[in-house]
Each structure stands twice: as structure tokens, then as C-alpha cells.
Amino acid sequence: LGASQIEVEIRNGLTRSIEIKANGITGIQQQSNSDIDVRVYLGKQLGLASGTMLSPTSIEEVVTDAYKLAKLAPSDDGFESLPSPTTTPFNVRGLYDTNISNVDPAVLVEFAKDLIQGGSEVREASVMSGRIQATTSERSVVNSLGIEGKSETSAFTGFAFASIPIEPTNVGVGFEMLMGRSFDNPDFQELGKISTEKAEKMLNAQIAPSKKLPI
């Protein structure tokens, strides 16, 4: 096409999640996603285009769109060049855990059961809701100057919401969460307990008086 410089970034992600509502598991999901970003420079003119399909035809269309946009873009006098491979890439440790990427959905189901059990151990009448999620993503970047980079990240999160309905005007609620990038034996039973203990503290709460005050 005649571009001066070009850079392509491709991202792939995978998320496994468990939904909890009213002391029951209401949803088990596994979702994958992919997308691509392309930057094309014609001299100092920049064109940006994105897509969500990674077939050769779709990628070619995104590159062509970025080129067409670059032809229409104003000149960026502050632009000098895309990065070149003149320095050693900096690797950050601890961002990726294979145990998260390989976790079996059945393990997440057991975590959900632990969360519900933790709440009932504190208060039998507690109603637990929440979400448990394991996410991994991969990012690759290449450009026309020789840059080739790849990074992987993972994350593990859990949310617990406890409700203790004593009567319509006396409902205690509590929330707790955990999150991290490593899969180091997370204790979801404790997560359920903490959120329910917080809910207990909210029982018999009184509405604070309010009034208009001069500014």
C-alpha cells in the first residue's frame, strides 16, 4: 500500500465465571474474545483502525482501513518514529499464573459452594450472592521496524454480597471481595463469612437524621 511505518497489536482473552444469586449458582460461563488494532503512518499522517475478527481477510481489511484514514489525516509534526528494537524489553514478573489459565470450571463451582457455606455458618438466614471469575489475556505487538513483543496476564477475582433479612425495615447487608494475579488457594468460605459478618453489623441500623443547612 505504500505506508511509511505500520504497527499491529493483537489481543486474545478468556474468562471463566460463576454467578451466585440467593444462595444458588445461577450461571456458569466461558467467554473468549479477540481484537486487533492497526496503526499506519504515511510520513507523519496517522491512521488507526480496529477489528474483532482475526481471519486473514479481516486483518487485511483493518490494515486497508487504517491506510485510507492515514491519507485523510492531518500531519502530526510531533511524530518521529514508531519504537525500534534498540533496547532489551522489560519483563514484569508475577503478572501471569498458568493455574488461573488452566482452572477447571468445576473448581470454580466448588468455590461458589464454599462462599455460600461460609455465609450460612455465620448466620443461617443469610442470603448470599456474588461472582467468581478467572481471566487470562495475551497481547502481541509487531511493527515494521522489527519490534516483536508478547505478554500474558491473568487475574482472579471474587465478590461476595450478603443480605440478612430480619424484617422489611431491618435488613443487614455486607460486601467483601478478593482479587489477585496468582491462584494461591483462595479461601472463599472466609470471603462468605466476612461479608456476612459485615451484614450482621448493619442490622438494627437507624436512619441518620437529615435537614437543610445553610451554605
# chains A, B, ... in the order shown; residues from 1 in each chain; ligands from 1

call {"tool": "closest_atom_pairs", "arguments": {"of": "segment 146-190 of chain A", "to": "segment 118-125 of chain A", "cutoff": "9 Å", "atoms": "only C-alpha atoms", "output": "tab-separated table"}}
result
residue	atom	partner	partner_atom	distance
A:Ala162	CA	A:Gly119	CA	7.2
A:Ser163	CA	A:Ala125	CA	8.6
A:Ile164	CA	A:Ala125	CA	6.2
A:Pro165	CA	A:Ala125	CA	7.5
A:Ile166	CA	A:Ala125	CA	8.4
A:Phe188	CA	A:Gly118	CA	7.5
A:Gln189	CA	A:Gly118	CA	4.3
A:Glu190	CA	A:Gly118	CA	6.1

call {"tool": "closest_residue", "arguments": {"among": "A:Val40, A:Val107, A:Ile6, A:Leu95", "to": "Ile18 of chain A", "atoms": "only C-alpha atoms"}}
result
A:Val107

call {"tool": "closest_residue", "arguments": {"among": "A:Ser4, A:Ser101, A:Ser58, A:Ser126", "to": "Asn23 of chain A", "atoms": "only C-alpha atoms"}}
result
A:Ser126

call {"tool": "residues_around", "arguments": {"residues": "Gln31 of chain A", "least_positions_apart": "2", "cutoff": "10 Å", "atoms": "only C-alpha atoms", "output": "tab-separated table (two decimals) with all heavy atoms, in the first residue's frame"}}
result
chain	number	residue	atom	x	y	z
A	13	GLY	N	-8.34	-13.04	24.76
A	13	GLY	CA	-8.68	-13.18	26.17
A	13	GLY	C	-9.66	-14.32	26.40
A	13	GLY	O	-10.41	-14.71	25.51
A	14	LEU	N	-9.62	-14.86	27.63
A	14	LEU	CA	-10.53	-15.94	28.02
A	14	LEU	C	-10.99	-15.68	29.45
A	14	LEU	O	-10.17	-15.42	30.34
A	14	LEU	CB	-9.83	-17.30	27.93
A	14	LEU	CG	-10.65	-18.51	28.39
A	14	LEU	CD1	-11.85	-18.73	27.48
A	14	LEU	CD2	-9.78	-19.75	28.44
A	15	THR	N	-12.30	-15.74	29.68
A	15	THR	CA	-12.87	-15.52	31.01
A	15	THR	C	-13.80	-16.66	31.37
A	15	THR	O	-14.68	-17.03	30.59
A	15	THR	CB	-13.67	-14.20	31.06
A	15	THR	OG1	-12.78	-13.11	30.76
A	15	THR	CG2	-14.28	-13.98	32.43
A	16	ARG	N	-13.58	-17.22	32.56
A	16	ARG	CA	-14.49	-18.22	33.13
A	16	ARG	C	-15.11	-17.61	34.38
A	16	ARG	O	-14.39	-17.05	35.21
A	16	ARG	CB	-13.74	-19.51	33.48
A	16	ARG	CG	-13.08	-20.20	32.29
A	16	ARG	CD	-12.37	-21.47	32.74
A	16	ARG	NE	-11.77	-22.18	31.62
A	16	ARG	CZ	-10.51	-22.03	31.25
A	16	ARG	NH1	-9.73	-21.18	31.90
A	16	ARG	NH2	-10.02	-22.70	30.22
A	17	SER	N	-16.42	-17.73	34.53
A	17	SER	CA	-17.07	-17.08	35.66
A	17	SER	C	-18.24	-17.90	36.18
A	17	SER	O	-18.86	-18.67	35.45
A	17	SER	CB	-17.55	-15.68	35.27
A	17	SER	OG	-18.51	-15.74	34.24
A	29	GLN	N	-20.21	-19.54	32.95
A	29	GLN	CA	-19.91	-19.02	31.62
A	29	GLN	C	-18.43	-19.15	31.29
A	29	GLN	O	-17.57	-19.07	32.17
A	29	GLN	CB	-20.31	-17.55	31.51
A	29	GLN	CG	-21.80	-17.28	31.60
A	29	GLN	CD	-22.13	-15.83	31.37
A	29	GLN	OE1	-21.27	-14.95	31.44
A	29	GLN	NE2	-23.39	-15.54	31.07
A	33	ASN	N	-12.51	-13.70	23.65
A	33	ASN	CA	-12.61	-12.52	22.80
A	33	ASN	C	-11.27	-12.24	22.15
A	33	ASN	O	-10.20	-12.58	22.70
A	33	ASN	CB	-13.06	-11.31	23.62
A	33	ASN	CG	-12.12	-10.98	24.75
A	33	ASN	OD1	-11.08	-10.37	24.56
A	33	ASN	ND2	-12.45	-11.42	25.96
A	135	THR	N	-9.60	-14.79	34.69
A	135	THR	CA	-9.39	-14.16	33.38
A	135	THR	C	-7.93	-14.25	32.97
A	135	THR	O	-7.03	-14.02	33.78
A	135	THR	CB	-9.80	-12.67	33.44
A	135	THR	OG1	-11.15	-12.57	33.85
A	135	THR	CG2	-9.64	-12.02	32.08

call {"tool": "closest_residue", "arguments": {"among": "A:Pro105, A:Pro83, A:Gly174, A:Gly149", "to": "Arg11 of chain A", "atoms": "only C-alpha atoms"}}
result
A:Gly149

call {"tool": "decode", "arguments": {"residues": "segment 106-124 of chain A", "atoms": "N, CA and C atoms", "output": "compact mmCIF listing (two decimals), in the first residue's frame"}}
result
# COMPACT_ATOMS: atom_id res chain seq x y z
N ALA A 106 -15.23 -26.69 37.21
CA ALA A 106 -15.74 -27.43 38.36
C ALA A 106 -15.12 -26.93 39.66
N VAL A 107 -13.87 -26.45 39.58
CA VAL A 107 -13.21 -25.89 40.77
C VAL A 107 -13.89 -24.59 41.18
N LEU A 108 -14.27 -23.78 40.20
CA LEU A 108 -14.97 -22.53 40.49
C LEU A 108 -16.33 -22.80 41.13
N VAL A 109 -16.98 -23.87 40.70
CA VAL A 109 -18.27 -24.24 41.29
C VAL A 109 -18.09 -24.58 42.77
N GLU A 110 -17.02 -25.30 43.10
CA GLU A 110 -16.76 -25.64 44.49
C GLU A 110 -16.45 -24.38 45.31
N PHE A 111 -15.75 -23.44 44.71
CA PHE A 111 -15.50 -22.16 45.40
C PHE A 111 -16.82 -21.45 45.71
N ALA A 112 -17.74 -21.49 44.76
CA ALA A 112 -19.05 -20.85 44.96
C ALA A 112 -19.79 -21.51 46.12
N LYS A 113 -19.74 -22.82 46.19
CA LYS A 113 -20.39 -23.53 47.29
C LYS A 113 -19.74 -23.15 48.63
N ASP A 114 -18.41 -23.00 48.63
CA ASP A 114 -17.71 -22.59 49.85
C ASP A 114 -18.17 -21.21 50.30
N LEU A 115 -18.35 -20.29 49.33
CA LEU A 115 -18.78 -18.94 49.65
C LEU A 115 -20.16 -18.96 50.33
N ILE A 116 -21.08 -19.73 49.77
CA ILE A 116 -22.42 -19.83 50.33
C ILE A 116 -22.37 -20.47 51.72
N GLN A 117 -21.55 -21.52 51.87
CA GLN A 117 -21.43 -22.19 53.15
C GLN A 117 -20.85 -21.26 54.21
N GLY A 118 -19.87 -20.44 53.82
CA GLY A 118 -19.28 -19.51 54.77
C GLY A 118 -20.31 -18.54 55.33
N GLY A 119 -21.20 -18.07 54.47
CA GLY A 119 -22.24 -17.16 54.94
C GLY A 119 -23.19 -17.82 55.91
N SER A 120 -23.60 -19.06 55.60
CA SER A 120 -24.57 -19.75 56.46
C SER A 120 -23.97 -20.13 57.81
N GLU A 121 -22.65 -20.32 57.86
CA GLU A 121 -22.02 -20.64 59.13
C GLU A 121 -22.07 -19.46 60.10
N VAL A 122 -22.03 -18.26 59.56
CA VAL A 122 -22.13 -17.07 60.41
C VAL A 122 -23.57 -16.79 60.77
N ARG A 123 -24.44 -16.90 59.80
CA ARG A 123 -25.87 -16.62 60.02
C ARG A 123 -26.67 -17.51 59.08
N GLU A 124 -27.44 -18.42 59.66
CA GLU A 124 -28.17 -19.39 58.83
C GLU A 124 -29.15 -18.71 57.88
